[in-house]
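Engineer: Got a structure here, written out as structure tokens. Questions coming.
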Amino acid sequence: MPVQESVRALQERLANEQRLVHLIDRIHSAKTLDSIFIEVQGEILTFLDAERMTLYAIDHEKKEIYSKFLAIDAVREIRVPISAKSVSGFVALSKQTVNIADAYDAGELKKISPELTFDSSWDKKTGIRTTQILCMPILHEAKVLGVMQLINKKHGPRFTKEDELSVARIGKTLGIAFNNQLQMGAQRRGTKFDYVIAQGLISQDEVNQAIGTARQKNLDVETVLLEQFKVPKGELGQSLSQFYRVPFVEYDGRLMPPPDLMKDLKLEFLKRNLWLPIRREGNSIVVLIDNPQDLQRVDAIYQLLRGQNVLLAVGFRKDIALFLANAGGEIQSKDSIGNIITALGEEAAPEKLEEYGADVVDENDSAVIRLANQIIIDAFKARASDIHVEPYGHQKDTMIRLRIDGHCREYQRIPGAYRRALAARLKIMAQLDIAERRKPQDGKIKFKMPDGRDLELRVATVPTQGGNEDVVMRILAASEPIPVDKLGMLERNLREVKTAADKPYGLILCVGPTGSGKTTTLHSVLGYINKPERKIWTAEDPVEITQYGLRQVQVQPKIGFTFANAMRSFLRADPDVIMVGEMRDEETAATGIEASLTGHLVFSTLHTNSAVETVIRLLDMGLDSFNFADALLCVIAQRLVRRVCVDCKEDYHPEKEEFEEIVHAYGEADFRTLGVKYDDDFTLYRGKGCHSCNNSGYRGRAGIHELLVASDTMKKLIQSKARVAEMVKVAKEEGMTTLVQDGVQKVFEGLTDLKQVKAVAIK
């Protein structure tokens with residue numbers, strides 16, 4: 001019997017060795033890492049005494065380990081950071097083998113590393129409880145290339161030393177195989193579709209089919225992938241961008257190639273060679289081409305744009321053709337800005353426009369009239385808040401700039417000879433005196449967009465040097481209110497504002513400089529209380545946001561219908577709630593306080609820098625401190641900061657100096673209460689710059705708020721006309737965060753960055 005058992009054991013060891021040799025052959029014969037992940041991984045698990053197994057490879061660039069698995073009909077990828085927080089991440093970091101008896105035993109994990117934790121989310125998804133873990137680094141010449149992790153020992157209480165030896169033998173083979181694959185990958189040239197293949201959006205076989213279809217139909221492969229295989233346009237663009245290592249630019253009908261660059265290039269030549277200059281970027285010209293590695297065409301670009309700094313970008317052939325058609329006016333209307341400027345440049349005898357004349361500026365469909373209309377249309381489409389028309393003289397171009405998200409950007413240059421004609425046309429539209437060029441004027445333009453939408457523009461003209469006139473137009477697009485929950489207020493601020501708005505009477509003020517979103521905030525709060533049982537009157541100048549259920553009145557100061565007059569009229573019209581656009585003077589403020597003390601809820605705005613300063617400003621106007629203290633419910637101070645663009649947002653680890661700057665801005669004593677510390681995991685966010693945000697890194701704006709609640713203690717301070725510092729101290733003790741502090745918290749959330757907070761809130 002002992003002899004038979006010995007023979008049987010020898011046979012089992014021999015069979016085991018044969019299986020191991022076969023397994024090693026399979027690993028070495030695998031053509032790619034993906035085939036090791038998906039095909040060979042199962043065979044390795046069969047050989048080892050475990051329920052589950054995961055093989056990871058290292059991504060050194062992202063400091064992550066990753067694995068791939070087959071999920072129903074697609075290849076999926078999982079990624080784990082290389083850090084001491086997870087088991088596999090710790091093994092990749094430390095090069096140590098980890099053998100755990102109970103993954104849920106925190107004490108056992110802490111003995112291995114103080115930071116080590118077990119993520120149980122996968123167990124919750126699968127319903128399988130992880131108990132034992134054997135995790136070993138895959139090494140080649142002492143360099144970590146991956147990690148092998150076994151879950152749950154099939155036979156026995158935990159993984160043994162023998163199991164570790166078996167895993168080590170396979171790990172050594174995998175180390176050689178991983179190294180070979182890396183070397184082959186370095187030698188093997190990638191394709192421009194590697195990214196979409198790696199993302200599981202399409203397979204290599206489907207790419208091959210697309211290449212065949214493209215040859216048959218005489219199309220480019222990208223068009224086939226987009227139309228036939230439904231690969232998302234953005235993902236395919238990202239694939240081209242990664243392969244060519246240049247930005248990807250998608251077609252945008254609003255993006256007009258610079259006319260001064262296009263005029264020296266023949267359109268037919270550009271169409272044959274499929275490239276064009278798309279925009280200026282600093283001192284460089286961005287040139288769009290479908291293949292930045294086509295040396296012959298790229299060399300021609302550098303020759304034709306000699307003396308200019310050229311930056312290449314990649315685009316789809318179809319998109320480049322659309323850009324070129326756009327530049328040539330083939331797919332534009334006759335009112336496209338490019339065509340209008342071209343028409344102006346070709347107009348004969350432009351000196352005739354030096355003087356106003358009925359034959360030049362009239363209601364006919366002239367180039368100047370179309371130009372004025374198109375400027376407004378394009379500005380609205382670009383989300384601009386203001387249009388600045390800035391003439392520099394007869395010999396120099398007239399600059400047109402748009403303010404988008406609070407920052408001015410150059411939009412177009414108009415030939416200088418037309419500066420007066422353009423200003424005259426805009427003044428006619430605003431019903432101003434075109435003969436008066438020595439004094440500032442202001443008016444309004446009612447404008448109908450091609451889609452039927454109505455716009456109102458507030459127009460101001462200012463005489464400038466050389467007998468010119470600047471024209472600034474603010475776009476007042478009628479819009480719906482934003483729900484109060486979407487204003488981006490901190491939880492405490494939102495709760496207190498809702499509490500104040502639910503009161504039957506009192507005074508709520510929203511303060512800040514022009515363009516800080518005060519009216520938007522007040523309309524959001526009005527929307528929160530706008531119910532059939534409440535009668536709400538508003539007096540505004542102008543009415544920008546309309547709400548069903550509100551009775552909205554446009555004040556007319558020129559005819560004596562002021563905010564104070566409007567408010568007195570409202571008090572005779574049975575209101576529950578009154579919103580007055582602005583408390584510009586003592587009369588309006590006193591009437592508002594009187595209304596709030598006689599059982600009405602009153603909303604208004606004021607141009608002050610902070611919530612506490614508002615109290616001092618109104619008291620300085622001569623208001624009675626006791627009446628004002630009784631009436632006041634809260635003061636909301638706010639600013640608008642530029643949002644980090646969501647399309648190109650990335651996280652980064654800031655320098656210690658940047659962290660210390662944040663601490664200083666927030667206030668060291670207050671910052672300690674946040675519990676935020678500077679360590680390797682401290683992360684902030686920024687925008688890299690992309691097509692969506694015009695390479696600025698910012699798109700859209702967000703509000704930062706400071707809310708002063710009129711508590712009993714605060715009311716006493718107001719009545720005694722206490723100093724600002726004393727009021728600020730009490731307000732902070734009662735939970736107020738300053739504008740800067742609110743902004744810093746939104747920096748941590750990734751909504752904005754410290755530079756933008758400093759630009760609007762730090763004195």
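Each chain of the structure tokens is named A, B, ... in the order shown, its residues numbered from 1; ligands are numbered from 1 in display order.
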Can you pull out the residues contacting segment 460-463 of chain A? Cut-off 12 Å, using only C-alpha atoms, and skip same-chain residues under 4 positions away; I want them as a PyMOL selection string.

Structural biologist: chain A and resi 386-392+420+423-424+426-428+430-434+436-445+467-475

Engineer: Need to verify the contact set: His653 of chain A, 9 Å, only C-alpha atoms, exclusion of same-chain residues closer than 4 positions in sequence. Can you return it as a list of chain:residue names?

Structural biologist: A:Asp680, A:Asp681, A:Phe682, A:Thr683, A:Leu684, A:Tyr685

Engineer: For the residues in that selection, give me N, CA, C and O atoms as a JSON list (two decimals), in the first residue's frame.

Structural biologist:
```json
[["chain", "number", "residue", "atom", "x", "y", "z"],
["A", 680, "ASP", "N", -0.36, 63.54, -0.45],
["A", 680, "ASP", "CA", -0.20, 63.06, -1.83],
["A", 680, "ASP", "C", -1.55, 62.89, -2.54],
["A", 680, "ASP", "O", -1.60, 62.87, -3.77],
["A", 681, "ASP", "N", -2.64, 62.74, -1.75],
["A", 681, "ASP", "CA", -3.95, 62.52, -2.36],
["A", 681, "ASP", "C", -4.74, 63.82, -2.55],
["A", 681, "ASP", "O", -5.85, 63.79, -3.06],
["A", 682, "PHE", "N", -4.16, 64.95, -2.11],
["A", 682, "PHE", "CA", -4.87, 66.23, -2.26],
["A", 682, "PHE", "C", -4.95, 66.59, -3.75],
["A", 682, "PHE", "O", -3.94, 66.64, -4.44],
["A", 683, "THR", "N", -6.17, 66.83, -4.22],
["A", 683, "THR", "CA", -6.40, 67.02, -5.65],
["A", 683, "THR", "C", -7.21, 68.28, -5.91],
["A", 683, "THR", "O", -8.16, 68.58, -5.20],
["A", 684, "LEU", "N", -6.82, 69.02, -6.94],
["A", 684, "LEU", "CA", -7.62, 70.13, -7.46],
["A", 684, "LEU", "C", -7.92, 69.87, -8.94],
["A", 684, "LEU", "O", -7.45, 68.87, -9.50],
["A", 685, "TYR", "N", -8.65, 70.76, -9.56],
["A", 685, "TYR", "CA", -9.10, 70.53, -10.94],
["A", 685, "TYR", "C", -8.82, 71.75, -11.81],
["A", 685, "TYR", "O", -8.83, 72.88, -11.34]]
```

Engineer: What is the atom CA of Phe323 of chain A-atom CA of Ile369 of chain A distance in Å, reported with one decimal?

Structural biologist: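 For atom CA of Phe323 of chain A relative to atom CA of Ile369 of chain A, the distance reads 25.6 Å.
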
Engineer: When you count only C-alpha atoms, which of these residues is closest to Gly488 of chain A: A:Gln756, A:Gln638, A:Asn152, A:Thr614?

Structural biologist: A:Gln638

Engineer: Give me the residues within 7 Å of Tyr505 of chain A as a list in words, counting only C-alpha atoms and dropping any in the same chain fewer than 6 places off.

Structural biologist: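 Contacts, in chain order: Ser596, Gly599, His600 and Leu601 of chain A.
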
Engineer: So that I have them on file, write out the residues from the current selection with all heavy atoms, as a PDB file, in the first residue's frame.

Structural biologist:
```
ATOM      1  N   SER A 596     -42.516  96.028   3.798  1.00  0.00           N
ATOM      2  CA  SER A 596     -42.188  94.769   4.490  1.00  0.00           C
ATOM      3  C   SER A 596     -42.722  94.770   5.918  1.00  0.00           C
ATOM      4  O   SER A 596     -43.027  93.714   6.475  1.00  0.00           O
ATOM      5  CB  SER A 596     -40.676  94.543   4.484  1.00  0.00           C
ATOM      6  OG  SER A 596     -40.014  95.543   5.233  1.00  0.00           O
ATOM      7  N   GLY A 599     -46.728  93.853   6.283  1.00  0.00           N
ATOM      8  CA  GLY A 599     -47.244  92.527   5.944  1.00  0.00           C
ATOM      9  C   GLY A 599     -46.942  92.024   4.559  1.00  0.00           C
ATOM     10  O   GLY A 599     -47.632  91.138   4.056  1.00  0.00           O
ATOM     11  N   HIS A 600     -45.910  92.574   3.899  1.00  0.00           N
ATOM     12  CA  HIS A 600     -45.541  92.104   2.559  1.00  0.00           C
ATOM     13  C   HIS A 600     -44.119  91.559   2.572  1.00  0.00           C
ATOM     14  O   HIS A 600     -43.266  92.061   3.306  1.00  0.00           O
ATOM     15  CB  HIS A 600     -45.637  93.242   1.533  1.00  0.00           C
ATOM     16  CG  HIS A 600     -46.963  93.926   1.519  1.00  0.00           C
ATOM     17  ND1 HIS A 600     -47.211  95.068   2.261  1.00  0.00           N
ATOM     18  CD2 HIS A 600     -48.119  93.626   0.888  1.00  0.00           C
ATOM     19  CE1 HIS A 600     -48.471  95.439   2.071  1.00  0.00           C
ATOM     20  NE2 HIS A 600     -49.048  94.582   1.239  1.00  0.00           N
ATOM     21  N   LEU A 601     -43.900  90.557   1.732  1.00  0.00           N
ATOM     22  CA  LEU A 601     -42.542  90.041   1.544  1.00  0.00           C
ATOM     23  C   LEU A 601     -41.919  90.818   0.389  1.00  0.00           C
ATOM     24  O   LEU A 601     -42.463  90.825  -0.727  1.00  0.00           O
ATOM     25  CB  LEU A 601     -42.568  88.535   1.230  1.00  0.00           C
ATOM     26  CG  LEU A 601     -41.222  87.816   1.139  1.00  0.00           C
ATOM     27  CD1 LEU A 601     -40.473  87.900   2.467  1.00  0.00           C
ATOM     28  CD2 LEU A 601     -41.412  86.352   0.744  1.00  0.00           C
TER      29      LEU A 601
END
```

Engineer: Atom CA of Thr605 of chain A and atom CA of Leu522 of chain A, how far apart in Å?

Structural biologist: 8.4 Å

Engineer: Got a sec: who's within 10 Å of segment 284-299 of chain A, counting only C-alpha atoms, leaving out chain neighbours fewer than 3 positions off, as number ranges by chain?

Structural biologist: A: 240, 244-250, 257-258, 261, 273-281, 302-305, 308-320, 323

Engineer: Could you dump the residues just selected with N, CA, C and O atoms as a compact mmCIF listing (two decimals), in the first residue's frame?

Structural biologist:
```txt
# COMPACT_ATOMS: atom_id res chain seq x y z
N LEU A 240 -7.97 59.62 -33.03
CA LEU A 240 -7.06 60.29 -33.97
C LEU A 240 -6.10 61.21 -33.24
O LEU A 240 -4.91 61.27 -33.55
N TYR A 244 -2.05 60.80 -33.56
CA TYR A 244 -1.23 61.84 -34.21
C TYR A 244 -0.58 62.80 -33.21
O TYR A 244 0.25 63.62 -33.59
N ARG A 245 -1.03 62.72 -31.93
CA ARG A 245 -0.50 63.58 -30.87
C ARG A 245 -0.71 65.07 -31.16
O ARG A 245 0.17 65.91 -30.97
N VAL A 246 -1.88 65.38 -31.69
CA VAL A 246 -2.28 66.77 -31.92
C VAL A 246 -3.75 66.89 -31.52
O VAL A 246 -4.46 65.89 -31.42
N PRO A 247 -4.27 68.12 -31.28
CA PRO A 247 -5.68 68.26 -30.90
C PRO A 247 -6.61 67.84 -32.03
O PRO A 247 -6.28 67.93 -33.21
N PHE A 248 -7.81 67.40 -31.65
CA PHE A 248 -8.86 67.07 -32.61
C PHE A 248 -9.84 68.23 -32.68
O PHE A 248 -10.23 68.79 -31.66
N VAL A 249 -10.23 68.65 -33.88
CA VAL A 249 -11.18 69.75 -34.06
C VAL A 249 -12.37 69.23 -34.87
O VAL A 249 -12.21 68.71 -35.97
N GLU A 250 -13.56 69.39 -34.28
CA GLU A 250 -14.80 68.97 -34.93
C GLU A 250 -15.41 70.16 -35.66
O GLU A 250 -15.19 71.31 -35.28
N PRO A 257 -12.87 80.58 -40.35
CA PRO A 257 -11.42 80.72 -40.52
C PRO A 257 -11.03 82.18 -40.67
O PRO A 257 -11.79 82.97 -41.26
N PRO A 258 -9.87 82.61 -40.14
CA PRO A 258 -9.46 84.02 -40.22
C PRO A 258 -9.40 84.52 -41.66
O PRO A 258 -8.64 83.97 -42.48
N LEU A 261 -5.98 85.32 -43.31
CA LEU A 261 -5.14 84.18 -43.71
C LEU A 261 -5.69 83.51 -44.97
O LEU A 261 -4.94 83.07 -45.83
N ASN A 273 -6.16 69.64 -51.45
CA ASN A 273 -5.20 69.12 -50.47
C ASN A 273 -5.80 68.91 -49.09
O ASN A 273 -5.13 68.38 -48.20
N LEU A 274 -7.04 69.32 -48.90
CA LEU A 274 -7.82 69.05 -47.68
C LEU A 274 -7.13 69.54 -46.41
O LEU A 274 -6.84 68.77 -45.50
N TRP A 275 -6.86 70.84 -46.37
CA TRP A 275 -6.40 71.49 -45.14
C TRP A 275 -6.76 72.96 -45.18
O TRP A 275 -7.04 73.50 -46.25
N LEU A 276 -6.77 73.61 -44.01
CA LEU A 276 -7.02 75.05 -43.96
C LEU A 276 -6.63 75.60 -42.60
O LEU A 276 -6.63 74.86 -41.61
N PRO A 277 -6.25 76.89 -42.54
CA PRO A 277 -5.99 77.53 -41.25
C PRO A 277 -7.33 77.76 -40.55
O PRO A 277 -8.24 78.35 -41.13
N ILE A 278 -7.45 77.29 -39.32
CA ILE A 278 -8.75 77.30 -38.65
C ILE A 278 -8.92 78.44 -37.65
O ILE A 278 -10.01 78.94 -37.44
N ARG A 279 -7.81 78.85 -37.00
CA ARG A 279 -7.91 79.95 -36.03
C ARG A 279 -6.51 80.38 -35.61
O ARG A 279 -5.53 79.68 -35.86
N ARG A 280 -6.44 81.53 -34.97
CA ARG A 280 -5.21 81.99 -34.34
C ARG A 280 -5.21 81.54 -32.88
O ARG A 280 -6.25 81.54 -32.24
N GLU A 281 -4.05 81.18 -32.39
CA GLU A 281 -3.91 80.78 -30.99
C GLU A 281 -2.64 81.44 -30.46
O GLU A 281 -1.54 80.93 -30.66
N TYR A 302 3.91 74.50 -44.35
CA TYR A 302 4.99 75.32 -43.78
C TYR A 302 5.56 76.29 -44.83
O TYR A 302 5.94 77.41 -44.50
N GLN A 303 5.59 75.85 -46.09
CA GLN A 303 6.10 76.72 -47.16
C GLN A 303 5.15 77.90 -47.40
O GLN A 303 5.59 79.05 -47.51
N LEU A 304 3.85 77.60 -47.47
CA LEU A 304 2.87 78.65 -47.76
C LEU A 304 2.68 79.62 -46.59
O LEU A 304 2.35 80.79 -46.79
N LEU A 305 2.85 79.12 -45.37
CA LEU A 305 2.70 79.97 -44.18
C LEU A 305 4.06 80.30 -43.59
O LEU A 305 4.22 80.38 -42.38
N GLN A 308 5.36 82.09 -40.18
CA GLN A 308 4.33 81.96 -39.14
C GLN A 308 4.61 80.70 -38.32
O GLN A 308 5.12 79.71 -38.84
N ASN A 309 4.25 80.74 -37.04
CA ASN A 309 4.36 79.55 -36.20
C ASN A 309 3.11 78.70 -36.40
O ASN A 309 2.01 79.14 -36.13
N VAL A 310 3.28 77.49 -36.92
CA VAL A 310 2.15 76.63 -37.29
C VAL A 310 1.95 75.54 -36.25
O VAL A 310 2.89 74.85 -35.86
N LEU A 311 0.69 75.37 -35.82
CA LEU A 311 0.30 74.25 -34.95
C LEU A 311 -0.69 73.40 -35.73
O LEU A 311 -1.68 73.93 -36.25
N LEU A 312 -0.44 72.10 -35.82
CA LEU A 312 -1.34 71.22 -36.57
C LEU A 312 -2.45 70.69 -35.67
O LEU A 312 -2.26 70.49 -34.47
N ALA A 313 -3.61 70.47 -36.27
CA ALA A 313 -4.73 69.81 -35.60
C ALA A 313 -5.31 68.80 -36.58
O ALA A 313 -5.17 68.96 -37.80
N VAL A 314 -5.96 67.76 -36.06
CA VAL A 314 -6.50 66.72 -36.93
C VAL A 314 -8.02 66.80 -36.93
O VAL A 314 -8.65 67.14 -35.93
N GLY A 315 -8.61 66.52 -38.10
CA GLY A 315 -10.07 66.51 -38.23
C GLY A 315 -10.49 65.47 -39.24
O GLY A 315 -9.67 64.92 -39.98
N PHE A 316 -11.79 65.17 -39.29
CA PHE A 316 -12.32 64.24 -40.28
C PHE A 316 -12.35 64.93 -41.65
O PHE A 316 -12.55 66.14 -41.73
N ARG A 317 -12.16 64.16 -42.70
CA ARG A 317 -12.19 64.74 -44.05
C ARG A 317 -13.50 65.47 -44.32
O ARG A 317 -13.53 66.54 -44.93
N LYS A 318 -14.60 64.84 -43.88
CA LYS A 318 -15.92 65.42 -44.11
C LYS A 318 -16.02 66.79 -43.42
O LYS A 318 -16.58 67.75 -43.98
N ASP A 319 -15.49 66.89 -42.20
CA ASP A 319 -15.55 68.14 -41.45
C ASP A 319 -14.68 69.22 -42.10
O ASP A 319 -15.07 70.39 -42.16
N ILE A 320 -13.51 68.82 -42.60
CA ILE A 320 -12.62 69.79 -43.26
C ILE A 320 -13.30 70.32 -44.53
O ILE A 320 -13.24 71.52 -44.83
N PHE A 323 -15.78 72.90 -43.44
CA PHE A 323 -15.09 74.16 -43.10
C PHE A 323 -14.74 74.94 -44.37
O PHE A 323 -14.92 76.16 -44.43
```

Engineer: Would you pick out the contacts of segment 658-672 of chain A at 9 Å or less, using only C-alpha atoms, so that residues sharing its chain but fewer than 3 positions from it are not included, and give the list as an MDAnalysis selection string?

Structural biologist: chainID A and resid 654:655 675:678 738 740:742 744 754 758 762

Engineer: Print the selection's residues with N, CA and C atoms to a file, as a CSV table (one decimal), in the first residue's frame.

Structural biologist:
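This is the output file part34.csv:
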```csv
chain,number,residue,atom,x,y,z
A,654,PRO,N,-1.6,69.8,-6.7
A,654,PRO,CA,-1.0,71.1,-6.7
A,654,PRO,C,0.3,71.2,-5.8
A,655,GLU,N,1.1,72.2,-6.1
A,655,GLU,CA,2.3,72.5,-5.2
A,655,GLU,C,1.8,72.9,-3.9
A,675,GLY,N,-11.0,70.4,7.9
A,675,GLY,CA,-10.3,69.1,8.0
A,675,GLY,C,-9.6,68.7,6.8
A,676,VAL,N,-9.3,69.7,5.9
A,676,VAL,CA,-8.6,69.4,4.6
A,676,VAL,C,-7.1,69.5,4.9
A,677,LYS,N,-6.3,68.5,4.5
A,677,LYS,CA,-4.9,68.5,4.7
A,677,LYS,C,-4.2,68.3,3.4
A,678,TYR,N,-2.9,68.8,3.3
A,678,TYR,CA,-2.1,68.7,2.1
A,678,TYR,C,-1.3,67.4,2.2
A,738,THR,N,-18.0,83.5,3.9
A,738,THR,CA,-17.8,84.6,3.1
A,738,THR,C,-17.7,84.2,1.6
A,740,VAL,N,-15.3,84.4,-0.5
A,740,VAL,CA,-14.1,83.7,-0.7
A,740,VAL,C,-14.1,82.3,-0.2
A,741,GLN,N,-14.7,82.1,1.0
A,741,GLN,CA,-14.8,80.8,1.6
A,741,GLN,C,-15.7,79.9,0.8
A,742,ASP,N,-16.8,80.5,0.3
A,742,ASP,CA,-17.8,79.7,-0.5
A,742,ASP,C,-17.1,79.3,-1.8
A,744,VAL,N,-13.8,78.9,-2.3
A,744,VAL,CA,-12.8,77.9,-2.1
A,744,VAL,C,-13.4,76.5,-2.0
A,754,LEU,N,-9.0,78.6,-8.0
A,754,LEU,CA,-8.7,79.8,-7.1
A,754,LEU,C,-8.5,81.1,-7.9
A,758,LYS,N,-10.3,84.5,-6.9
A,758,LYS,CA,-9.6,85.7,-6.6
A,758,LYS,C,-10.0,86.9,-7.5
A,762,ILE,N,-11.7,88.5,-4.0
A,762,ILE,CA,-10.6,88.9,-3.1
A,762,ILE,C,-10.2,90.3,-3.4
```

Engineer: Report, in Å to a single decimal, how far apart atom CA of Phe178 of chain A and atom CA of Tyr66 of chain A are.

Structural biologist: 13.1 Å

Engineer: Need to verify the contact set: segment 700-706 of chain A, 7 Å, only C-alpha atoms, exclusion of same-chain residues closer than 2 positions in sequence. Can you return it as an MDAnalysis selection string?

Structural biologist: chainID A and resid 405 487:489 611 636:643 698 708 736:739 742:743

Engineer: Based on the selection just made, write N, CA, C and O atoms of those residues as a short mmCIF file (atom, residue, chain, number, x, y, z; two decimals), in the first residue's frame.

Structural biologist:
```
data_model
loop_
_atom_site.label_atom_id
_atom_site.label_comp_id
_atom_site.auth_asym_id
_atom_site.auth_seq_id
_atom_site.Cartn_x
_atom_site.Cartn_y
_atom_site.Cartn_z
N ASP A 405 -18.94 84.51 -20.79
CA ASP A 405 -18.59 84.03 -19.44
C ASP A 405 -17.76 85.07 -18.69
O ASP A 405 -16.82 84.73 -17.96
N LEU A 487 -29.08 76.59 -8.09
CA LEU A 487 -28.23 77.79 -8.05
C LEU A 487 -26.82 77.50 -7.58
O LEU A 487 -25.93 78.34 -7.68
N GLY A 488 -26.59 76.31 -7.03
CA GLY A 488 -25.24 75.96 -6.57
C GLY A 488 -24.92 76.51 -5.19
O GLY A 488 -23.75 76.70 -4.86
N MET A 489 -25.95 76.78 -4.39
CA MET A 489 -25.70 77.26 -3.03
C MET A 489 -25.27 76.12 -2.12
O MET A 489 -25.69 74.97 -2.31
N ALA A 611 -22.35 91.22 2.11
CA ALA A 611 -23.64 91.22 2.79
C ALA A 611 -23.66 92.24 3.93
O ALA A 611 -24.61 93.00 4.09
N ILE A 636 -28.25 88.31 0.59
CA ILE A 636 -27.44 87.38 -0.20
C ILE A 636 -26.47 88.21 -1.03
O ILE A 636 -26.89 88.99 -1.89
N ALA A 637 -25.16 88.06 -0.76
CA ALA A 637 -24.15 88.69 -1.63
C ALA A 637 -23.64 87.61 -2.58
O ALA A 637 -23.45 86.46 -2.17
N GLN A 638 -23.42 87.94 -3.83
CA GLN A 638 -22.96 86.91 -4.76
C GLN A 638 -22.07 87.47 -5.86
O GLN A 638 -22.03 88.67 -6.11
N ARG A 639 -21.31 86.55 -6.46
CA ARG A 639 -20.47 86.82 -7.62
C ARG A 639 -20.61 85.63 -8.58
O ARG A 639 -21.02 84.55 -8.18
N LEU A 640 -20.21 85.85 -9.82
CA LEU A 640 -20.15 84.76 -10.80
C LEU A 640 -18.70 84.45 -11.11
O LEU A 640 -17.92 85.35 -11.41
N VAL A 641 -18.33 83.17 -11.02
CA VAL A 641 -16.98 82.73 -11.37
C VAL A 641 -17.06 81.83 -12.60
O VAL A 641 -18.08 81.18 -12.83
N ARG A 642 -15.99 81.80 -13.36
CA ARG A 642 -15.97 80.95 -14.56
C ARG A 642 -15.85 79.48 -14.14
O ARG A 642 -15.05 79.13 -13.28
N ARG A 643 -16.65 78.64 -14.76
CA ARG A 643 -16.62 77.20 -14.48
C ARG A 643 -15.48 76.53 -15.24
O ARG A 643 -15.20 76.88 -16.39
N TYR A 698 -12.32 77.08 -19.61
CA TYR A 698 -13.52 77.47 -18.86
C TYR A 698 -14.72 77.53 -19.80
O TYR A 698 -14.61 77.95 -20.95
N LEU A 708 -26.04 86.53 4.86
CA LEU A 708 -26.18 87.11 6.20
C LEU A 708 -27.63 86.94 6.63
O LEU A 708 -28.55 87.46 5.99
N MET A 736 -22.22 81.87 8.71
CA MET A 736 -22.00 82.51 7.41
C MET A 736 -20.62 82.17 6.86
O MET A 736 -19.62 82.23 7.58
N THR A 737 -20.57 81.79 5.60
CA THR A 737 -19.29 81.65 4.89
C THR A 737 -19.15 82.86 3.98
O THR A 737 -20.11 83.26 3.31
N THR A 738 -17.98 83.45 3.95
CA THR A 738 -17.76 84.63 3.09
C THR A 738 -17.72 84.20 1.63
O THR A 738 -17.67 83.01 1.31
N LEU A 739 -17.76 85.18 0.74
CA LEU A 739 -17.69 84.88 -0.70
C LEU A 739 -16.45 84.06 -1.03
O LEU A 739 -16.52 83.09 -1.79
N ASP A 742 -16.84 80.46 0.32
CA ASP A 742 -17.76 79.71 -0.54
C ASP A 742 -17.06 79.33 -1.85
O ASP A 742 -17.21 78.20 -2.34
N GLY A 743 -16.28 80.29 -2.39
CA GLY A 743 -15.54 80.02 -3.62
C GLY A 743 -14.52 78.92 -3.45
O GLY A 743 -14.38 78.04 -4.32
#
```

Engineer: Check the DSSP output for the backbone and give back, as an MDAnalysis selection string, the residues of segment 379-496 of chain A in alpha helix (DSSP H).

Structural biologist: chainID A and resid 379:381 419:429 491:496

Engineer: So that I can check the secondary structure, give me every residue of segment 105-322 of chain A assigned strand (DSSP E) by backbone DSSP, as number ranges by chain.

Structural biologist: A: 133-140, 143-153, 275-281, 284-289, 309-314

Engineer: Could you pull the residues within 9 Å of Gln238 of chain A, counting only C-alpha atoms, minus those fewer than 2 positions along the same chain, as number ranges by chain?

Structural biologist: A: 195-196, 233-236, 240-243, 247-248

Engineer: What are the closest atom pairs, with distances in Å to one decimal, for each residue of segment 557-618 of chain A lying within 7 Å of segment 531-540 of chain A, using only C-alpha atoms, rows by chain and rising residue number, as a tab-separated table?

Structural biologist:
```
residue	atom	partner	partner_atom	distance
A:Phe563	CA	A:Ala539	CA	6.5
A:Ala566	CA	A:Ala539	CA	6.4
A:Phe570	CA	A:Trp537	CA	6.7
A:Pro575	CA	A:Lys535	CA	5.3
A:Asp576	CA	A:Lys535	CA	5.1
A:Val577	CA	A:Ile536	CA	4.6
A:Ile578	CA	A:Trp537	CA	4.9
A:Met579	CA	A:Thr538	CA	4.5
A:Val580	CA	A:Ala539	CA	4.9
A:Gly581	CA	A:Glu540	CA	4.6
```
